[in-house]
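Peer 1: Just one file: data19.cif, with mmCIF, C-alpha atoms.
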```
data_final
#
loop_
_atom_site.group_PDB
_atom_site.id
_atom_site.type_symbol
_atom_site.label_atom_id
_atom_site.label_comp_id
_atom_site.auth_asym_id
_atom_site.auth_seq_id
_atom_site.Cartn_x
_atom_site.Cartn_y
_atom_site.Cartn_z
ATOM 1 C CA SER C 1 173.085 114.132 117.518
ATOM 2 C CA VAL C 2 171.749 117.686 117.176
ATOM 3 C CA THR C 3 173.744 120.609 115.765
ATOM 4 C CA PRO C 4 172.741 123.936 117.387
ATOM 5 C CA LEU C 5 172.304 126.819 114.917
ATOM 6 C CA LEU C 6 172.257 130.277 116.507
ATOM 7 C CA GLY C 7 169.725 132.136 114.386
ATOM 8 C CA MET C 8 167.993 131.834 111.011
ATOM 9 C CA GLN C 9 170.783 133.589 109.093
ATOM 10 C CA GLN C 10 173.411 131.223 110.491
ATOM 11 C CA ALA C 11 171.204 128.222 109.700
ATOM 12 C CA VAL C 12 170.652 129.254 106.077
ATOM 13 C CA THR C 13 174.367 129.989 105.638
ATOM 14 C CA ALA C 14 175.293 126.562 107.033
ATOM 15 C CA ILE C 15 172.839 124.797 104.733
ATOM 16 C CA ALA C 16 174.201 126.716 101.727
ATOM 17 C CA ALA C 17 177.749 125.701 102.693
ATOM 18 C CA CYS C 18 176.708 122.050 102.838
ATOM 19 C CA THR C 19 175.243 122.195 99.339
ATOM 20 C CA ASP C 20 178.516 123.653 98.048
ATOM 21 C CA VAL C 21 180.682 120.819 99.379
ATOM 22 C CA GLY C 22 180.188 118.698 96.293
ATOM 23 C CA ARG C 23 181.162 121.601 94.043
ATOM 24 C CA VAL C 24 184.313 122.429 96.004
ATOM 25 C CA GLU C 25 185.581 118.860 96.301
ATOM 26 C CA SER C 26 187.051 117.679 93.005
ATOM 27 C CA PRO C 27 185.719 114.156 92.368
ATOM 28 C CA HIS C 28 188.261 111.353 92.386
ATOM 29 C CA PRO C 29 188.485 109.925 88.840
ATOM 30 C CA HIS C 30 188.037 106.372 90.127
ATOM 31 C CA PHE C 31 185.197 107.069 92.568
ATOM 32 C CA GLY C 32 182.714 109.190 90.674
ATOM 33 C CA ALA C 33 178.951 109.115 90.988
ATOM 34 C CA VAL C 34 177.664 105.548 91.128
ATOM 35 C CA PRO C 35 173.979 104.710 90.712
ATOM 36 C CA ALA C 36 172.243 103.298 93.749
ATOM 37 C CA PRO C 37 172.104 99.500 93.622
ATOM 38 C CA ALA C 38 168.867 97.589 93.586
ATOM 39 C CA VAL C 39 167.844 96.661 97.124
ATOM 40 C CA GLN C 40 168.594 92.983 97.667
ATOM 41 C CA PRO C 41 168.984 90.850 100.785
ATOM 42 C CA SER C 42 172.652 90.661 101.818
ATOM 43 C CA HIS C 43 174.381 87.298 101.751
ATOM 44 C CA SER C 44 177.887 85.862 101.851
ATOM 45 C CA ILE C 45 179.617 84.279 98.881
ATOM 46 C CA SER C 46 182.621 81.977 98.889
ATOM 47 C CA GLU C 47 186.192 83.298 98.749
ATOM 48 C CA HIS C 48 186.661 81.668 95.338
ATOM 49 C CA ALA C 49 183.512 83.326 93.946
ATOM 50 C CA ALA C 50 184.464 86.692 95.460
ATOM 51 C CA LYS C 51 187.941 86.641 93.911
ATOM 52 C CA ALA C 52 186.499 85.628 90.543
ATOM 53 C CA LEU C 53 184.123 88.606 90.750
ATOM 54 C CA LEU C 54 186.994 90.974 91.583
ATOM 55 C CA ALA C 55 189.023 89.541 88.695
ATOM 56 C CA ASP C 56 186.171 90.524 86.352
ATOM 57 C CA TYR C 57 186.840 94.121 87.424
ATOM 58 C CA GLY C 58 190.572 93.862 86.708
ATOM 59 C CA MET C 59 191.924 93.117 90.195
ATOM 60 C CA ASN C 60 194.701 90.554 90.540
ATOM 61 C CA ALA C 61 194.214 87.434 92.635
ATOM 62 C CA PRO C 62 196.306 84.283 93.197
ATOM 63 C CA SER C 63 195.735 81.401 90.802
ATOM 64 C CA ALA C 64 193.219 79.040 92.388
ATOM 65 C CA LYS C 65 190.784 76.236 91.602
ATOM 66 C CA LEU C 66 188.242 74.208 93.550
ATOM 67 C CA ALA C 67 188.736 70.481 94.115
ATOM 68 C CA ALA C 68 186.078 68.021 95.247
ATOM 69 C CA ASN C 69 188.606 65.383 96.324
ATOM 70 C CA LEU C 70 192.321 64.736 96.829
ATOM 71 C CA GLY C 71 192.779 63.440 93.285
ATOM 72 C CA GLN C 72 191.515 66.684 91.789
ATOM 73 C CA ALA C 73 193.598 68.653 94.296
ATOM 74 C CA ALA C 74 196.754 66.827 93.163
ATOM 75 C CA GLN C 75 196.021 67.603 89.515
ATOM 76 C CA ILE C 76 195.452 71.293 90.319
ATOM 77 C CA ALA C 77 198.689 71.363 92.337
ATOM 78 C CA ASP C 78 200.615 70.129 89.300
ATOM 79 C CA GLN C 79 199.042 72.893 87.200
ATOM 80 C CA ILE C 80 199.668 75.738 89.659
ATOM 81 C CA GLY C 81 202.890 74.458 91.201
ATOM 82 C CA PHE C 82 204.141 74.322 94.783
ATOM 83 C CA PRO C 83 204.132 75.965 97.304
ATOM 84 C CA LEU C 84 200.387 76.142 97.769
ATOM 85 C CA ALA C 85 197.748 77.370 100.162
ATOM 86 C CA LEU C 86 194.859 75.036 100.962
ATOM 87 C CA LYS C 87 191.540 76.319 102.274
ATOM 88 C CA ALA C 88 188.262 74.687 103.172
ATOM 89 C CA SER C 89 185.472 75.932 100.906
ATOM 90 C CA VAL C 90 182.346 75.298 102.939
ATOM 91 C CA GLU C 91 179.059 77.173 102.582
ATOM 92 C CA GLY C 92 178.598 79.500 105.552
ATOM 93 C CA LEU C 93 182.207 79.178 106.736
ATOM 94 C CA THR C 94 183.357 82.813 106.627
ATOM 95 C CA HIS C 95 186.042 82.607 109.333
ATOM 96 C CA LYS C 96 188.212 79.765 108.068
ATOM 97 C CA THR C 97 191.247 80.438 110.260
ATOM 98 C CA GLU C 98 189.308 80.099 113.510
ATOM 99 C CA ALA C 99 187.792 76.829 112.267
ATOM 100 C CA GLY C 100 191.194 75.396 111.305
ATOM 101 C CA GLY C 101 190.224 75.617 107.658
ATOM 102 C CA VAL C 102 193.527 76.962 106.293
ATOM 103 C CA ALA C 103 196.859 75.244 105.584
ATOM 104 C CA LEU C 104 199.722 77.344 104.241
ATOM 105 C CA ASN C 105 203.066 76.648 102.573
ATOM 106 C CA ILE C 106 202.158 73.202 101.231
ATOM 107 C CA GLN C 107 205.434 72.063 99.671
ATOM 108 C CA ASN C 108 204.720 68.641 98.169
ATOM 109 C CA HIS C 109 202.063 66.028 97.399
ATOM 110 C CA ALA C 110 202.485 64.291 100.775
ATOM 111 C CA GLN C 111 201.636 67.488 102.663
ATOM 112 C CA LEU C 112 198.835 68.130 100.201
ATOM 113 C CA ALA C 113 197.244 64.743 100.919
ATOM 114 C CA GLU C 114 197.612 65.082 104.700
ATOM 115 C CA GLN C 115 196.285 68.624 105.023
ATOM 116 C CA GLY C 116 193.763 68.195 102.217
ATOM 117 C CA GLN C 117 192.066 65.277 103.955
ATOM 118 C CA ARG C 118 191.922 67.241 107.209
ATOM 119 C CA LEU C 119 190.193 70.136 105.461
ATOM 120 C CA LEU C 120 187.818 67.873 103.538
ATOM 121 C CA ASN C 121 186.665 66.500 106.884
ATOM 122 C CA LEU C 122 185.187 69.945 107.552
ATOM 123 C CA GLY C 123 182.826 69.363 104.631
ATOM 124 C CA GLY C 124 182.563 71.071 101.264
ATOM 125 C CA GLN C 125 185.435 71.360 98.803
ATOM 126 C CA LEU C 126 189.107 72.324 98.762
ATOM 127 C CA LEU C 127 190.340 75.655 97.453
ATOM 128 C CA VAL C 128 193.811 74.990 96.033
ATOM 129 C CA GLU C 129 195.574 78.317 95.669
ATOM 130 C CA GLU C 130 198.935 79.728 94.655
ATOM 131 C CA MET C 131 200.976 80.617 97.758
ATOM 132 C CA ILE C 132 201.811 84.321 97.833
ATOM 133 C CA ALA C 133 204.882 85.612 99.657
ATOM 134 C CA PRO C 134 204.121 87.706 102.769
ATOM 135 C CA GLY C 135 203.145 91.266 101.890
ATOM 136 C CA VAL C 136 204.209 94.535 103.446
ATOM 137 C CA ALA C 137 200.928 95.067 105.292
ATOM 138 C CA GLU C 138 197.429 93.576 105.209
ATOM 139 C CA LEU C 139 194.724 96.114 104.445
ATOM 140 C CA LEU C 140 190.946 95.927 104.579
ATOM 141 C CA LEU C 141 189.187 97.549 101.622
ATOM 142 C CA GLY C 142 185.405 97.670 101.415
ATOM 143 C CA LEU C 143 182.842 99.445 99.254
ATOM 144 C CA CYS C 144 179.430 99.744 100.868
ATOM 145 C CA TYR C 145 176.123 101.480 100.228
ATOM 146 C CA ASP C 146 173.881 103.267 102.696
ATOM 147 C CA ALA C 147 170.369 104.320 101.714
ATOM 148 C CA GLN C 148 170.815 107.721 103.380
ATOM 149 C CA PHE C 149 174.459 108.587 102.652
ATOM 150 C CA GLY C 150 175.108 106.643 99.447
ATOM 151 C CA HIS C 151 178.363 104.825 98.650
ATOM 152 C CA TYR C 152 181.231 104.877 101.113
ATOM 153 C CA LEU C 153 184.724 103.411 101.257
ATOM 154 C CA VAL C 154 186.075 101.494 104.256
ATOM 155 C CA LEU C 155 189.855 101.335 104.788
ATOM 156 C CA GLY C 156 191.382 99.418 107.649
ATOM 157 C CA CYS C 157 193.968 97.097 109.090
ATOM 158 C CA GLY C 158 193.394 93.631 107.634
ATOM 159 C CA GLY C 159 194.455 90.118 108.573
ATOM 160 C CA THR C 160 193.007 87.412 110.783
ATOM 161 C CA LEU C 161 192.472 89.843 113.683
ATOM 162 C CA VAL C 162 190.617 92.450 111.606
ATOM 163 C CA GLU C 163 187.416 92.296 113.681
ATOM 164 C CA LEU C 164 189.239 92.246 117.014
ATOM 165 C CA ILE C 165 191.493 95.210 116.208
ATOM 166 C CA ALA C 166 188.682 97.208 114.528
ATOM 167 C CA ASP C 167 191.168 99.709 113.074
ATOM 168 C CA ARG C 168 189.346 101.351 110.173
ATOM 169 C CA GLU C 169 188.383 104.643 108.541
ATOM 170 C CA VAL C 170 185.238 105.454 106.549
ATOM 171 C CA LEU C 171 185.133 107.889 103.613
ATOM 172 C CA LEU C 172 182.038 109.104 101.784
ATOM 173 C CA LEU C 173 182.451 108.867 98.017
ATOM 174 C CA PRO C 174 183.625 110.501 95.859
ATOM 175 C CA ALA C 175 186.907 110.910 97.772
ATOM 176 C CA SER C 176 190.095 112.617 96.635
ATOM 177 C CA ASP C 177 193.622 111.158 96.691
ATOM 178 C CA ASP C 178 194.515 113.413 99.620
ATOM 179 C CA GLN C 179 191.502 112.220 101.619
ATOM 180 C CA ILE C 180 192.478 108.590 101.063
ATOM 181 C CA ARG C 181 196.104 109.271 102.041
ATOM 182 C CA SER C 182 194.927 111.021 105.225
ATOM 183 C CA ALA C 183 192.676 108.068 106.082
ATOM 184 C CA LEU C 184 195.584 105.637 105.658
ATOM 185 C CA LYS C 185 197.742 107.763 107.951
ATOM 186 C CA ARG C 186 195.058 107.757 110.661
ATOM 187 C CA LEU C 187 195.122 103.964 110.916
ATOM 188 C CA ARG C 188 196.838 102.583 114.013
ATOM 189 C CA MET C 189 198.780 99.951 112.044
ATOM 190 C CA GLU C 190 202.413 99.601 113.042
ATOM 191 C CA VAL C 191 203.589 100.923 109.692
ATOM 192 C CA ASP C 192 204.917 104.218 108.378
ATOM 193 C CA ILE C 193 202.848 105.694 105.522
ATOM 194 C CA THR C 194 204.779 108.815 104.411
ATOM 195 C CA PRO C 195 205.151 108.475 101.456
ATOM 196 C CA LEU C 196 205.852 104.725 101.537
ATOM 197 C CA ILE C 197 204.003 102.022 103.388
ATOM 198 C CA VAL C 198 206.858 100.516 105.361
ATOM 199 C CA GLY C 199 206.065 97.216 107.054
ATOM 200 C CA GLU C 200 207.486 95.622 110.145
ATOM 201 C CA GLN C 201 211.207 94.850 110.137
ATOM 202 C CA GLY C 202 212.119 92.640 107.204
ATOM 203 C CA ARG C 203 208.750 93.004 105.426
ATOM 204 C CA GLY C 204 209.788 95.716 102.955
ATOM 205 C CA ALA C 205 207.869 98.722 101.645
ATOM 206 C CA THR C 206 205.518 99.765 98.865
ATOM 207 C CA VAL C 207 204.427 103.084 97.399
ATOM 208 C CA ALA C 208 201.241 104.391 99.030
ATOM 209 C CA ASP C 209 199.958 105.745 95.722
ATOM 210 C CA ALA C 210 199.890 102.202 94.353
ATOM 211 C CA LEU C 211 197.024 101.577 96.769
ATOM 212 C CA ILE C 212 195.232 104.833 96.113
ATOM 213 C CA VAL C 213 195.174 104.558 92.307
ATOM 214 C CA TYR C 214 194.760 100.974 91.187
ATOM 215 C CA ARG C 215 195.775 100.428 87.571
#
```
Could you quickly redo this structure as structure tokens?

Peer 2:
Amino acid sequence: SVTPLLGMQQAVTAIAACTDVGRVESPHPHFGAVPAPAVQPSHSISEHAAKALLADYGMNAPSAKLAANLGQAAQIADQIGFPLALKASVEGLTHKTEAGGVALNIQNHAQLAEQGQRLLNLGGQLLVEEMIAPGVAELLLGLCYDAQFGHYLVLGCGGTLVELIADREVLLLPASDDQIRSALKRLRMEVDITPLIVGEQGRGATVADALIVYR
């Protein structure tokens, strides 16, 4: 797209205003300047590896371990405790739900053996994971880098239909608390986000600021 500038004076004034944006906007304490990453080919990693990486940065994740067979899965189940979530951990399988690679609310060893064998038939290993109670709302959170614009934050409606719904907002970093709150409010999710995130009936609520400032 082309922005028309009516005269040299207007053009110079507009350029000067653009250079002042960074000085006017107070940087968010959690999203300051980040050095550009080394250019590497993009690739997918497993859910288990991704959650382990996030845990290294202080983010909470359900207790989980990989099992190569049903015997190992049973031992892990005894360590974590029921109920459990079982997932197929197969290289290249990024959309597990569509492939039937997820079994939720496993309550006992009999269900573990039945569903575990079904998932093992897909190849790979089993991810045996602590079952988490349904949350208030599922959110997509992504941090990406563009060679021209730098780092940017992606906020959106999450869940199994995330790509179909395509409900998301993009923020250039650094971004302020108010900018993040405004982005959350622009999402089309069927939730109320002022000042609480209130889920569908019976799903409770959480404070929006708990998402904006992660401790």

Peer 1: Using the chain letters and numbers from this file, what does the PyMOL selection byres ((chain C and resi 105) around 12) select? Give the answer as a list in words.

Peer 2: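 Taken over the shown coordinates, the PyMOL selection byres ((chain C and resi 105) around 12) returns Gly81, Phe82, Pro83, Leu84, Ala85, Leu86, Lys87, Val102, Ala103, Leu104, Ile106, Gln107, Asn108, His109, Gln111, Leu112, Gln115, Val128, Glu129, Glu130, Met131, Ile132, Ala133 and Pro134 of chain C.
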
Peer 1: List the neighbours of Val170 (chain C) out to 10 Å using only C-alpha atoms; skip same-chain residues closer than 2 positions along the sequence, and give me the result as a compact mmCIF listing (two decimals) with C-alpha atoms, in the frame of the given file.

Peer 2:
```txt
# COMPACT_ATOMS: atom_id res chain seq x y z
CA GLY C 142 185.40 97.67 101.42
CA LEU C 143 182.84 99.44 99.25
CA CYS C 144 179.43 99.74 100.87
CA TYR C 152 181.23 104.88 101.11
CA LEU C 153 184.72 103.41 101.26
CA VAL C 154 186.08 101.49 104.26
CA LEU C 155 189.86 101.34 104.79
CA GLY C 156 191.38 99.42 107.65
CA ARG C 168 189.35 101.35 110.17
CA LEU C 172 182.04 109.10 101.78
CA LEU C 173 182.45 108.87 98.02
CA ILE C 180 192.48 108.59 101.06
CA ALA C 183 192.68 108.07 106.08
```

Peer 1: Neighbouring residues of Gly159 (chain C) were defined as those with any atom within 8 Å, considering all atoms listed in the file; residues of the same chain fewer than 4 positions away were excluded. Please report them as a list of chain:residue names.

Peer 2: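 The residues that qualify are C:Glu138, C:Leu139, C:Leu140.
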
Peer 1: For a cut-off of 8 Å around (187.4, 72.8, 97.5), file coordinates, pick out all residues using only C-alpha atoms and list them as a list in words.

Peer 2: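 The distance filter leaves exactly Lys65, Leu66, Ala67, Ala68, Asn69, Lys87, Ala88, Ser89, Val90, Leu120, Gly124, Gln125, Leu126, Leu127 and Val128 of chain C.
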
Peer 1: Between C:Ala77, C:Ala113, C:Leu122, C:Ala16, which one has atoms that come closest to Gly92 (chain C), using only C-alpha atoms?

Peer 2: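 Using only C-alpha atoms, Gly92 (chain C) sits closest to C:Leu122.
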
Peer 1: Determine the nearest neighbour of Arg186 (chain C) from the options C:Leu5, C:Leu54, C:Cys157, C:Leu119, counting all atoms listed in the file.

Peer 2: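 Using all atoms listed in the file, the shortest distance to Arg186 (chain C) belongs to C:Cys157.
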
Peer 1: What is the distance between CA of Lys96 (chain C) and CA of Gly116 (chain C), in Å to one decimal?

Peer 2: 14.1 Å

Peer 1: From the set C:Pro174, C:Asp167, C:Ala110, C:Gly100, which residue has the shortest atom-to-atom contact distance to Leu187 (chain C), counting all atoms listed in the file?

Peer 2: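 That would be C:Asp167, the residue with the smallest distance to Leu187 (chain C).
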
Peer 1: If you measure from CA of Ala11 (chain C) to CA of Ala147 (chain C), what distance in Å do you get, rounded to one decimal?

Peer 2: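 Going from CA of Ala11 (chain C) over to CA of Ala147 (chain C), I get 25.2 Å.
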
Peer 1: Rank C:Ala52, C:Ile76, C:Met59, C:Leu161 by their smallest atom-to-atom distance to Thr97 (chain C), using only C-alpha atoms, and report the top residue only.

Peer 2: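 Checking each candidate against Thr97 (chain C), we get C:Leu161 as the closest.
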
Peer 1: Of the candidates C:Ala99, C:Asp78, C:Pro4, C:Tyr145, which shows the shortest atom-to-atom distance to Ser42 (chain C), using all atoms listed in the file?

Peer 2: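 Using all atoms listed in the file, the shortest distance to Ser42 (chain C) belongs to C:Tyr145.
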
Peer 1: Separation of CA of Lys51 (chain C) and CA of Leu141 (chain C), in Å?

Peer 2: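 Going from CA of Lys51 (chain C) over to CA of Leu141 (chain C), I get 13.4 Å.
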